[in-house]
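> Structure file input.pdb, PDB, C-alpha atoms and all ligand atoms, is pasted below:
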```pdb
ATOM      1  CA  MET A   1     175.255-102.618-109.864
ATOM      2  CA  SER A   2     171.499-103.194-109.903
ATOM      3  CA  GLU A   3     169.849-103.738-113.270
ATOM      4  CA  LYS A   4     167.943-100.458-112.905
ATOM      5  CA  LYS A   5     171.127 -98.517-112.190
ATOM      6  CA  ALA A   6     172.951-100.123-115.109
ATOM      7  CA  LYS A   7     170.099 -99.139-117.444
ATOM      8  CA  MET A   8     170.183 -95.574-116.173
ATOM      9  CA  SER A   9     173.910 -95.246-116.587
ATOM     10  CA  GLN A  10     173.629 -96.620-120.140
ATOM     11  CA  ALA A  11     170.938 -94.038-120.940
ATOM     12  CA  MET A  12     173.138 -91.312-119.480
ATOM     13  CA  LYS A  13     176.096 -92.483-121.550
ATOM     14  CA  GLU A  14     174.022 -92.310-124.747
ATOM     15  CA  LYS A  15     172.916 -88.805-123.851
ATOM     16  CA  LEU A  16     176.455 -87.638-123.279
ATOM     17  CA  THR A  17     178.136 -89.193-126.310
ATOM     18  CA  PRO A  18     178.206 -86.770-129.254
ATOM     19  CA  LYS A  19     175.713 -87.869-131.915
ATOM     20  CA  SER A  20     177.311 -89.327-134.988
ATOM     21  CA  PHE A  21     175.272 -88.888-138.125
ATOM     22  CA  VAL A  22     175.035 -91.254-141.030
ATOM     23  CA  LYS A  23     175.794 -89.159-144.074
ATOM     24  CA  ASN A  24     174.328 -90.522-147.290
ATOM     25  CA  PRO A  25     176.016 -89.766-150.582
ATOM     26  CA  ILE A  26     173.877 -88.261-153.332
ATOM     27  CA  LYS A  27     173.285 -91.045-155.850
ATOM     28  CA  GLY A  28     174.492 -90.671-159.423
ATOM     29  CA  THR A  29     177.632 -88.655-158.709
ATOM     30  CA  LYS A  30     181.185 -89.455-157.668
ATOM     31  CA  PHE A  31     181.735 -86.201-155.780
ATOM     32  CA  THR A  32     179.609 -83.535-154.154
ATOM     33  CA  LEU A  33     180.888 -79.981-153.832
ATOM     34  CA  MET A  34     179.193 -77.217-151.921
ATOM     35  CA  VAL A  35     179.431 -73.515-152.762
ATOM     36  CA  SER A  36     178.697 -71.656-149.616
ATOM     37  CA  SER A  37     179.014 -68.486-147.593
ATOM     38  CA  ALA A  38     177.118 -67.512-144.516
ATOM     39  CA  LYS A  39     176.636 -64.079-146.097
ATOM     40  CA  GLY A  40     173.959 -63.235-148.654
ATOM     41  CA  GLY A  41     174.530 -61.574-151.999
ATOM     42  CA  VAL A  42     178.269 -62.204-152.258
ATOM     43  CA  GLY A  43     177.992 -64.070-155.566
ATOM     44  CA  LYS A  44     177.573 -67.741-154.551
ATOM     45  CA  SER A  45     175.047 -68.542-157.273
ATOM     46  CA  THR A  46     176.975 -66.691-159.966
ATOM     47  CA  PHE A  47     180.135 -68.495-158.880
ATOM     48  CA  ALA A  48     178.458 -71.929-158.697
ATOM     49  CA  VAL A  49     176.970 -71.686-162.196
ATOM     50  CA  ASN A  50     180.158 -70.403-163.836
ATOM     51  CA  LEU A  51     182.249 -72.971-161.963
ATOM     52  CA  ALA A  52     179.931 -75.737-163.186
ATOM     53  CA  PHE A  53     180.437 -74.816-166.848
ATOM     54  CA  ALA A  54     184.176 -74.280-166.316
ATOM     55  CA  LEU A  55     184.407 -77.808-164.843
ATOM     56  CA  LYS A  56     182.390 -79.150-167.764
ATOM     57  CA  GLN A  57     184.842 -77.578-170.206
ATOM     58  CA  LEU A  58     187.612 -79.439-168.392
ATOM     59  CA  GLY A  59     185.889 -82.657-169.440
ATOM     60  CA  LYS A  60     183.875 -83.481-166.325
ATOM     61  CA  LYS A  61     180.239 -84.564-166.153
ATOM     62  CA  ILE A  62     178.558 -81.976-163.990
ATOM     63  CA  GLY A  63     175.318 -81.526-162.083
ATOM     64  CA  LEU A  64     174.145 -78.274-160.588
ATOM     65  CA  LEU A  65     171.825 -78.305-157.579
ATOM     66  CA  ASP A  66     170.269 -75.091-156.343
ATOM     67  CA  ALA A  67     169.669 -75.730-152.634
ATOM     68  CA  ASP A  68     168.085 -72.320-152.067
ATOM     69  CA  ILE A  69     164.495 -73.260-151.280
ATOM     70  CA  PHE A  70     163.280 -69.736-150.498
ATOM     71  CA  GLY A  71     165.095 -67.864-153.253
ATOM     72  CA  PRO A  72     166.008 -70.268-156.048
ATOM     73  CA  SER A  73     168.018 -68.537-158.754
ATOM     74  CA  LEU A  74     169.203 -71.338-161.023
ATOM     75  CA  PRO A  75     166.310 -71.190-163.550
ATOM     76  CA  LYS A  76     167.080 -67.491-164.145
ATOM     77  CA  LEU A  77     170.860 -67.996-164.256
ATOM     78  CA  ILE A  78     170.640 -70.674-166.962
ATOM     79  CA  GLY A  79     167.668 -69.104-168.713
ATOM     80  CA  LYS A  80     165.392 -72.146-168.348
ATOM     81  CA  ASN A  81     161.990 -72.473-166.827
ATOM     82  CA  GLU A  82     160.805 -75.959-167.722
ATOM     83  CA  LYS A  83     158.876 -78.348-165.543
ATOM     84  CA  PRO A  84     161.006 -81.422-164.873
ATOM     85  CA  GLU A  85     159.766 -84.810-166.011
ATOM     86  CA  ASN A  86     158.419 -87.079-163.295
ATOM     87  CA  LYS A  87     159.388 -90.779-163.276
ATOM     88  CA  ASP A  88     157.112 -93.380-161.640
ATOM     89  CA  GLY A  89     155.511 -90.632-159.533
ATOM     90  CA  LYS A  90     158.606 -90.815-157.326
ATOM     91  CA  TYR A  91     161.607 -89.369-159.094
ATOM     92  CA  ILE A  92     162.462 -86.116-160.842
ATOM     93  CA  VAL A  93     164.542 -85.943-164.018
ATOM     94  CA  PRO A  94     167.073 -83.062-163.990
ATOM     95  CA  ILE A  95     166.786 -80.313-166.603
ATOM     96  CA  ASP A  96     169.624 -80.320-169.125
ATOM     97  CA  SER A  97     171.468 -77.088-169.790
ATOM     98  CA  HIS A  98     174.183 -77.533-172.432
ATOM     99  CA  GLY A  99     175.162 -80.886-170.961
ATOM    100  CA  VAL A 100     174.970 -79.848-167.306
ATOM    101  CA  GLN A 101     172.222 -81.593-165.300
ATOM    102  CA  CYS A 102     170.328 -78.972-163.285
ATOM    103  CA  MET A 103     167.772 -79.039-160.486
ATOM    104  CA  SER A 104     166.172 -76.271-158.453
ATOM    105  CA  MET A 105     163.031 -75.657-156.411
ATOM    106  CA  GLY A 106     162.431 -72.958-159.006
ATOM    107  CA  PHE A 107     161.610 -75.653-161.587
ATOM    108  CA  LEU A 108     159.038 -77.186-159.269
ATOM    109  CA  VAL A 109     157.076 -74.079-158.263
ATOM    110  CA  GLU A 110     155.954 -70.964-160.137
ATOM    111  CA  GLU A 111     158.637 -68.263-160.295
ATOM    112  CA  THR A 112     156.631 -65.757-158.268
ATOM    113  CA  THR A 113     155.274 -68.224-155.678
ATOM    114  CA  PRO A 114     156.664 -67.170-152.298
ATOM    115  CA  MET A 115     157.954 -70.074-150.247
ATOM    116  CA  ILE A 116     156.598 -69.548-146.747
ATOM    117  CA  TRP A 117     157.756 -72.729-145.111
ATOM    118  CA  ARG A 118     158.761 -73.913-141.716
ATOM    119  CA  GLY A 119     161.875 -75.893-140.856
ATOM    120  CA  PRO A 120     160.535 -79.443-141.368
ATOM    121  CA  MET A 121     159.202 -78.531-144.816
ATOM    122  CA  VAL A 122     162.576 -77.105-145.814
ATOM    123  CA  ILE A 123     164.272 -80.291-144.642
ATOM    124  CA  SER A 124     161.835 -82.395-146.635
ATOM    125  CA  ALA A 125     162.412 -80.239-149.748
ATOM    126  CA  ILE A 126     166.186 -80.719-149.377
ATOM    127  CA  LYS A 127     165.637 -84.465-148.996
ATOM    128  CA  THR A 128     163.594 -84.454-152.223
ATOM    129  CA  LEU A 129     166.322 -82.564-154.069
ATOM    130  CA  THR A 130     169.072 -84.860-152.803
ATOM    131  CA  GLU A 131     167.290 -88.243-152.833
ATOM    132  CA  ARG A 132     164.693 -88.104-155.595
ATOM    133  CA  VAL A 133     166.547 -86.523-158.486
ATOM    134  CA  LEU A 134     167.798 -88.940-161.125
ATOM    135  CA  TRP A 135     171.332 -87.595-161.555
ATOM    136  CA  LYS A 136     173.065 -89.666-164.157
ATOM    137  CA  ASP A 137     176.744 -90.729-164.287
ATOM    138  CA  LEU A 138     178.089 -87.476-162.858
ATOM    139  CA  ASP A 139     181.629 -86.765-161.785
ATOM    140  CA  ILE A 140     180.660 -83.800-159.645
ATOM    141  CA  ILE A 141     177.512 -82.156-158.336
ATOM    142  CA  VAL A 142     177.990 -78.480-157.530
ATOM    143  CA  ILE A 143     175.554 -77.323-154.850
ATOM    144  CA  ASP A 144     174.637 -73.672-154.655
ATOM    145  CA  MET A 145     173.785 -73.070-150.995
ATOM    146  CA  PRO A 146     171.481 -70.385-149.624
ATOM    147  CA  PRO A 147     172.954 -67.739-147.318
ATOM    148  CA  GLY A 148     173.097 -68.287-143.575
ATOM    149  CA  THR A 149     173.562 -71.245-141.266
ATOM    150  CA  GLY A 150     169.966 -72.482-141.070
ATOM    151  CA  ASP A 151     167.959 -75.647-141.717
ATOM    152  CA  THR A 152     169.417 -76.256-145.181
ATOM    153  CA  GLN A 153     173.015 -76.056-143.946
ATOM    154  CA  LEU A 154     172.182 -78.262-140.972
ATOM    155  CA  THR A 155     170.521 -80.902-143.152
ATOM    156  CA  PHE A 156     173.560 -81.047-145.427
ATOM    157  CA  ALA A 157     175.926 -81.116-142.465
ATOM    158  CA  GLN A 158     174.121 -83.986-140.753
ATOM    159  CA  ASP A 159     172.609 -86.116-143.493
ATOM    160  CA  ILE A 160     174.438 -85.683-146.776
ATOM    161  CA  LYS A 161     177.957 -86.686-147.702
ATOM    162  CA  VAL A 162     179.775 -83.608-148.971
ATOM    163  CA  ASP A 163     183.323 -84.003-150.283
ATOM    164  CA  GLY A 164     184.313 -80.377-150.176
ATOM    165  CA  ALA A 165     183.074 -76.858-149.558
ATOM    166  CA  ILE A 166     184.134 -73.700-151.327
ATOM    167  CA  ILE A 167     183.480 -70.520-149.427
ATOM    168  CA  VAL A 168     182.781 -67.420-151.481
ATOM    169  CA  SER A 169     183.075 -63.983-149.939
ATOM    170  CA  THR A 170     183.634 -60.372-150.791
ATOM    171  CA  PRO A 171     186.609 -58.787-149.018
ATOM    172  CA  GLN A 172     184.338 -56.590-146.889
ATOM    173  CA  ASP A 173     184.704 -56.856-143.089
ATOM    174  CA  ILE A 174     181.004 -57.485-142.569
ATOM    175  CA  ALA A 175     181.056 -60.403-145.030
ATOM    176  CA  LEU A 176     184.215 -61.830-143.476
ATOM    177  CA  LEU A 177     182.599 -61.956-140.054
ATOM    178  CA  ASP A 178     179.969 -64.328-141.454
ATOM    179  CA  VAL A 179     182.636 -66.282-143.304
ATOM    180  CA  LYS A 180     184.481 -66.939-140.058
ATOM    181  CA  ARG A 181     181.250 -68.279-138.566
ATOM    182  CA  GLY A 182     180.763 -70.433-141.666
ATOM    183  CA  ILE A 183     184.302 -71.865-141.460
ATOM    184  CA  GLN A 184     183.757 -72.863-137.854
ATOM    185  CA  MET A 185     180.444 -74.515-138.715
ATOM    186  CA  PHE A 186     182.104 -76.614-141.437
ATOM    187  CA  ASP A 187     184.999 -77.525-139.167
ATOM    188  CA  LYS A 188     182.585 -78.581-136.430
ATOM    189  CA  THR A 189     180.469 -80.651-138.788
ATOM    190  CA  LYS A 190     183.582 -82.156-140.407
ATOM    191  CA  ILE A 191     182.998 -80.830-143.894
ATOM    192  CA  ASN A 192     186.305 -80.456-145.681
ATOM    193  CA  ILE A 193     186.835 -76.837-146.788
ATOM    194  CA  PHE A 194     188.591 -76.840-150.164
ATOM    195  CA  GLY A 195     189.258 -73.143-149.968
ATOM    196  CA  LEU A 196     188.081 -69.561-150.019
ATOM    197  CA  VAL A 197     187.325 -67.409-153.063
ATOM    198  CA  ASP A 198     187.494 -63.614-153.066
ATOM    199  CA  ASN A 199     184.604 -62.412-155.244
ATOM    200  CA  MET A 200     184.069 -58.796-156.370
ATOM    201  CA  SER A 201     187.694 -58.536-155.361
ATOM    202  CA  PHE A 202     188.434 -55.336-157.273
ATOM    203  CA  PHE A 203     187.216 -53.345-160.253
ATOM    204  CA  LYS A 204     189.557 -52.574-163.098
ATOM    205  CA  GLY A 205     188.809 -49.098-164.450
ATOM    206  CA  ASP A 206     189.259 -47.847-168.017
ATOM    207  CA  ASP A 207     192.359 -46.100-166.710
ATOM    208  CA  GLY A 208     193.889 -49.539-166.069
ATOM    209  CA  LYS A 209     193.873 -49.031-162.297
ATOM    210  CA  ASN A 210     192.409 -51.551-159.876
ATOM    211  CA  TYR A 211     189.870 -50.164-157.434
ATOM    212  CA  ASN A 212     189.351 -52.166-154.239
ATOM    213  CA  ILE A 213     185.693 -51.293-153.802
ATOM    214  CA  PHE A 214     184.959 -53.737-150.976
ATOM    215  CA  GLY A 215     188.415 -53.608-149.351
ATOM    216  CA  GLU A 216     191.575 -55.510-150.048
ATOM    217  CA  GLY A 217     193.078 -58.847-149.092
ATOM    218  CA  GLY A 218     190.576 -59.750-146.370
ATOM    219  CA  VAL A 219     189.523 -63.118-147.803
ATOM    220  CA  GLU A 220     193.095 -64.291-148.349
ATOM    221  CA  GLN A 221     193.970 -63.176-144.847
ATOM    222  CA  THR A 222     190.988 -65.036-143.381
ATOM    223  CA  ALA A 223     192.053 -68.163-145.266
ATOM    224  CA  LYS A 224     195.512 -67.858-143.686
ATOM    225  CA  GLU A 225     194.079 -67.215-140.250
ATOM    226  CA  PHE A 226     192.052 -70.444-140.368
ATOM    227  CA  ASN A 227     194.699 -72.423-142.202
ATOM    228  CA  LYS A 228     192.596 -72.882-145.352
ATOM    229  CA  ASP A 229     193.600 -72.606-148.983
ATOM    230  CA  PHE A 230     192.966 -69.449-150.946
ATOM    231  CA  LEU A 231     191.589 -70.316-154.388
ATOM    232  CA  GLY A 232     191.721 -66.942-156.089
ATOM    233  CA  LYS A 233     190.321 -63.491-156.778
ATOM    234  CA  ILE A 234     187.363 -62.822-159.046
ATOM    235  CA  PRO A 235     187.069 -59.156-160.014
ATOM    236  CA  LEU A 236     183.849 -57.203-160.212
ATOM    237  CA  HIS A 237     183.059 -57.301-163.922
ATOM    238  CA  GLN A 238     180.014 -56.050-165.751
ATOM    239  CA  ASP A 239     180.101 -58.903-168.287
ATOM    240  CA  LEU A 240     179.666 -61.439-165.484
ATOM    241  CA  ARG A 241     176.608 -59.591-164.178
ATOM    242  CA  ILE A 242     175.125 -59.116-167.688
ATOM    243  CA  SER A 243     175.599 -62.780-168.609
ATOM    244  CA  ALA A 244     173.982 -63.815-165.303
ATOM    245  CA  ASP A 245     170.973 -61.581-165.960
ATOM    246  CA  LYS A 246     170.676 -62.950-169.510
ATOM    247  CA  GLY A 247     170.682 -66.541-168.262
ATOM    248  CA  ASP A 248     173.741 -67.272-170.345
ATOM    249  CA  PRO A 249     176.716 -68.083-168.063
ATOM    250  CA  LEU A 250     179.936 -66.415-169.205
ATOM    251  CA  THR A 251     182.084 -69.549-168.881
ATOM    252  CA  LEU A 252     179.654 -71.243-171.296
ATOM    253  CA  SER A 253     179.042 -68.435-173.802
ATOM    254  CA  ASP A 254     182.591 -67.045-173.853
ATOM    255  CA  PRO A 255     185.110 -69.520-172.414
ATOM    256  CA  LYS A 256     188.035 -67.345-173.593
ATOM    257  CA  HIS A 257     186.825 -64.254-171.729
ATOM    258  CA  GLU A 258     189.352 -63.022-169.130
ATOM    259  CA  MET A 259     186.754 -63.788-166.416
ATOM    260  CA  SER A 260     186.148 -67.320-167.745
ATOM    261  CA  LEU A 261     189.885 -67.963-167.612
ATOM    262  CA  ILE A 262     189.873 -67.041-163.920
ATOM    263  CA  PHE A 263     187.080 -69.571-163.344
ATOM    264  CA  LYS A 264     189.079 -72.144-165.288
ATOM    265  CA  ILE A 265     192.102 -71.728-163.006
ATOM    266  CA  ILE A 266     189.904 -72.104-159.912
ATOM    267  CA  ALA A 267     188.174 -75.151-161.450
ATOM    268  CA  GLU A 268     191.578 -76.755-162.080
ATOM    269  CA  LYS A 269     192.603 -76.155-158.466
ATOM    270  CA  ILE A 270     189.384 -77.806-157.281
ATOM    271  CA  LEU A 271     189.864 -80.829-159.551
ATOM    272  CA  LYS A 272     193.365 -81.308-158.130
ATOM    273  CA  LYS A 273     191.814 -81.591-154.679
ATOM    274  CA  LEU A 274     189.504 -84.359-155.881
ATOM    275  CA  ASP A 275     192.350 -86.393-157.387
TER     276      ASP A 275
HETATM  277  N1  LIG A 301     182.273 -60.854-159.821
HETATM  278  C1  LIG A 301     181.107 -60.253-160.093
HETATM  279  N2  LIG A 301     181.068 -59.187-160.934
HETATM  280  C2  LIG A 301     179.902 -58.543-161.200
HETATM  281  N3  LIG A 301     178.717 -58.898-160.683
HETATM  282  C3  LIG A 301     178.702 -59.948-159.839
HETATM  283  C4  LIG A 301     179.875 -60.701-159.513
HETATM  284  N4  LIG A 301     179.526 -61.694-158.673
HETATM  285  C5  LIG A 301     178.185 -61.594-158.496
HETATM  286  N5  LIG A 301     177.682 -60.546-159.185
HETATM  287  C6  LIG A 301     176.294 -60.041-159.188
HETATM  288  O1  LIG A 301     175.955 -59.801-157.819
HETATM  289  C7  LIG A 301     174.603 -60.120-157.547
HETATM  290  C8  LIG A 301     174.524 -61.169-156.427
HETATM  291  O2  LIG A 301     175.086 -62.380-156.900
HETATM  292  P1  LIG A 301     174.484 -63.805-156.538
HETATM  293  O3  LIG A 301     173.009 -63.832-156.715
HETATM  294  O4  LIG A 301     175.297 -64.794-157.262
HETATM  295  O5  LIG A 301     174.823 -63.834-154.972
HETATM  296  P2  LIG A 301     174.414 -64.938-153.897
HETATM  297  O6  LIG A 301     175.522 -64.960-152.905
HETATM  298  O7  LIG A 301     174.061 -66.203-154.558
HETATM  299  O8  LIG A 301     173.111 -64.286-153.265
HETATM  300  P3  LIG A 301     172.083 -65.013-152.248
HETATM  301  O9  LIG A 301     172.770 -64.970-150.924
HETATM  302  O10 LIG A 301     170.873 -64.140-152.315
HETATM  303  O11 LIG A 301     171.865 -66.401-152.739
HETATM  304  C9  LIG A 301     174.034 -60.612-158.877
HETATM  305  O12 LIG A 301     173.405 -59.525-159.497
HETATM  306  C10 LIG A 301     175.273 -61.035-159.686
HETATM  307  O13 LIG A 301     175.059 -60.912-161.083
HETATM  308 MG    MG A 302     172.287 -67.375-154.414
END
```
Mind turning the file's structure into structure tokens?

Amino acid sequence: MSEKKAKMSQAMKEKLTPKSFVKNPIKGTKFTLMVSSAKGGVGKSTFAVNLAFALKQLGKKIGLLDADIFGPSLPKLIGKNEKPENKDGKYIVPIDSHGVQCMSMGFLVEETTPMIWRGPMVISAIKTLTERVLWKDLDIIVIDMPPGTGDTQLTFAQDIKVDGAIIVSTPQDIALLDVKRGIQMFDKTKINIFGLVDNMSFFKGDDGKNYNIFGEGGVEQTAKEFNKDFLGKIPLHQDLRISADKGDPLTLSDPKHEMSLIFKIIAEKILKKLD
């Protein structure tokens, strides 16, 4: 084969081989967990924050990273709005909330500043949050992902080492459609799915009856269909919503609450997977 031909066939080979990405671990933590769902408003942030404090109560050192660049909610959920300390003009020191190290775009910009950014800026913000934050001696970072399958998800899938993903969904058909898309994205990008959580699963009335407001059993069934674990049901409960609005996570303020105990069981299941 002529030299020119050999060069061309090499170039063709490179084009045709699937790209393999170098995934960098986030420094300062042993494990990185992602709380995700392609669907918006299903309770990812509420779940991530309460899971973080439940894991902390099980003796782990926890970090909480809000990866929602456009709609950060962590400052509100933990009731903190401090500006993080800057180290050497290069690094950001996480904000402490009752022993959990927290970081969010919301700490870096004013609460009401709209983020009107294009893809590359989002990617660079995610890089800042994953490479420039001085996480210290953590066992686990819990990442609260934004909804969808956009630039943030792609950046995590290609560039950042994630040990496990937890998919949160309501049992509603329209949410499950997005969940199925999300599962396939994780499978394709080789992110290990630890399991699915059914949030707003049912509402227990004063009459003691359970009302399946968003449908019944759909998340567990989807888990089965895709051969994933089902991690549990979290009912719709006013105390969880009130504590979120107050910036005082229920698993922190009332660890014996029936809802906190549900989070504890899920946290234990997740820790088993990291063993
Ligand atoms: N199990 C629950 N019981 C009662 N309220 C809940 C429950 N889970 C979440 N909520 C409430 O539902 C609303 C949406 O929750 P949250 O913001 O956590 O969703 P999200 O999936 O993070 O949304 P987004 O896609 O916008 O990031 C919030 O008001 C929250 O307090
Ligand atoms: Mg959210």
> Set the cut-off to 7 Å, count only C-alpha atoms and all ligand atoms, and list whatever residues fall near ligand LIG 301 (chain A) as a compact mmCIF listing (two decimals) with C-alpha atoms, in the coordinates of the input.

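Output file part.txt is given in full below:
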```txt
# COMPACT_ATOMS: atom_id res chain seq x y z
CA LYS A 39 176.64 -64.08 -146.10
CA GLY A 40 173.96 -63.24 -148.65
CA GLY A 41 174.53 -61.57 -152.00
CA VAL A 42 178.27 -62.20 -152.26
CA GLY A 43 177.99 -64.07 -155.57
CA LYS A 44 177.57 -67.74 -154.55
CA SER A 45 175.05 -68.54 -157.27
CA THR A 46 176.98 -66.69 -159.97
CA PHE A 47 180.14 -68.50 -158.88
CA GLY A 71 165.10 -67.86 -153.25
CA PRO A 146 171.48 -70.39 -149.62
CA PRO A 147 172.95 -67.74 -147.32
CA ASN A 199 184.60 -62.41 -155.24
CA MET A 200 184.07 -58.80 -156.37
CA ILE A 234 187.36 -62.82 -159.05
CA PRO A 235 187.07 -59.16 -160.01
CA LEU A 236 183.85 -57.20 -160.21
CA HIS A 237 183.06 -57.30 -163.92
CA GLN A 238 180.01 -56.05 -165.75
CA LEU A 240 179.67 -61.44 -165.48
CA ARG A 241 176.61 -59.59 -164.18
CA ILE A 242 175.12 -59.12 -167.69
CA ALA A 244 173.98 -63.82 -165.30
CA ASP A 245 170.97 -61.58 -165.96
```
> Quick one: which residues end up in the PyMOL selection byres (((chain A and resi 260) around 12) and not hetatm) for this structure, as an NGL selection string?
:A and (47 or 49-55 or 57 or 234-235 or 237 or 239-240 or 243 or 249-259 or 261-267)
> Applying the PyMOL selection byres (((chain A and resi 196) around 7) and not hetatm) to the file I just gave you, which residues come out? Please list them as a PyMOL selection string.
chain A and resi 166-168+195+197-198+219+223+229-231
> Would you mind exporting C-alpha atoms of the selected residues as a PDB file, keeping the file's coordinate frame?

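Listed below is the output, again16.pdb:
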```pdb
ATOM      1  CA  ILE A 166     184.134 -73.700-151.327  1.00  0.00           C
ATOM      2  CA  ILE A 167     183.480 -70.520-149.427  1.00  0.00           C
ATOM      3  CA  VAL A 168     182.781 -67.420-151.481  1.00  0.00           C
ATOM      4  CA  GLY A 195     189.258 -73.143-149.968  1.00  0.00           C
ATOM      5  CA  VAL A 197     187.325 -67.409-153.063  1.00  0.00           C
ATOM      6  CA  ASP A 198     187.494 -63.614-153.066  1.00  0.00           C
ATOM      7  CA  VAL A 219     189.523 -63.118-147.803  1.00  0.00           C
ATOM      8  CA  ALA A 223     192.053 -68.163-145.266  1.00  0.00           C
ATOM      9  CA  ASP A 229     193.600 -72.606-148.983  1.00  0.00           C
ATOM     10  CA  PHE A 230     192.966 -69.449-150.946  1.00  0.00           C
ATOM     11  CA  LEU A 231     191.589 -70.316-154.388  1.00  0.00           C
TER      12      LEU A 231
END
```
> Please write the residues picked by the PyMOL selection byres (((chain A and resi 31) around 7) and not hetatm) on this file as an MDAnalysis selection string.
chainID A and resid 29:30 32:33 139:141 163
> Identify, on the basis of only C-alpha atoms, every residue whose closest approach to Asp96 of chain A does not exceed 10 Å; exclude the query and any residue fewer than 3 positions from it along the same chain; express the result as a PyMOL selection string.
chain A and resi 63-64+78+80+82+84+93+99-103
> Go ahead and compute the interatomic distance for atom CA of Lys60 of chain A and atom CA of Thr128 of chain A, in Å to one decimal.
24.7 Å
> Choose the residue, out of A:Ile213, A:Met105, A:Ala48, A:Ile270, that has the smallest atom-to-atom separation from ligand MG 302 (chain A); count only C-alpha atoms and all ligand atoms.
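The answer is A:Ala48, which sits nearest to ligand MG 302 (chain A).
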> State, in Å with one decimal place, the distance from atom CA of Val133 of chain A to atom CA of Tyr91 of chain A.
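Computed distance, atom CA of Val133 of chain A to atom CA of Tyr91 of chain A, equals 5.7 Å.
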> Do you have the atom CA of Ile92 of chain A-atom CA of Lys27 of chain A distance handy?
12.9 Å
> Have a look at A:Leu129, A:Leu108, A:Ile69, A:Ala165 and name the one nearest to ligand MG 302 (chain A); count all atoms listed in the file.
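Using all atoms listed in the file, the shortest distance to ligand MG 302 (chain A) belongs to A:Ile69.
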> Considering all atoms listed in the file, can you say which of A:Pro72, A:Lys136, A:Lys273, A:Asp173 comes closest to Ile95 of chain A?
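The shortest atom-to-atom distance to Ile95 of chain A comes from A:Lys136.
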> Counting all atoms listed in the file, figure out which residue out of A:Asn24, A:Gln172, A:Ser97, A:Asn86 gets nearest to Gly247 of chain A.
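Once distances to Gly247 of chain A are computed over all atoms listed in the file, the minimum belongs to A:Ser97.
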> Determine the nearest neighbour of Lys76 of chain A from the options A:Glu225, A:Lys246, A:Glu220, A:Gln158, counting only C-alpha atoms.
A:Lys246
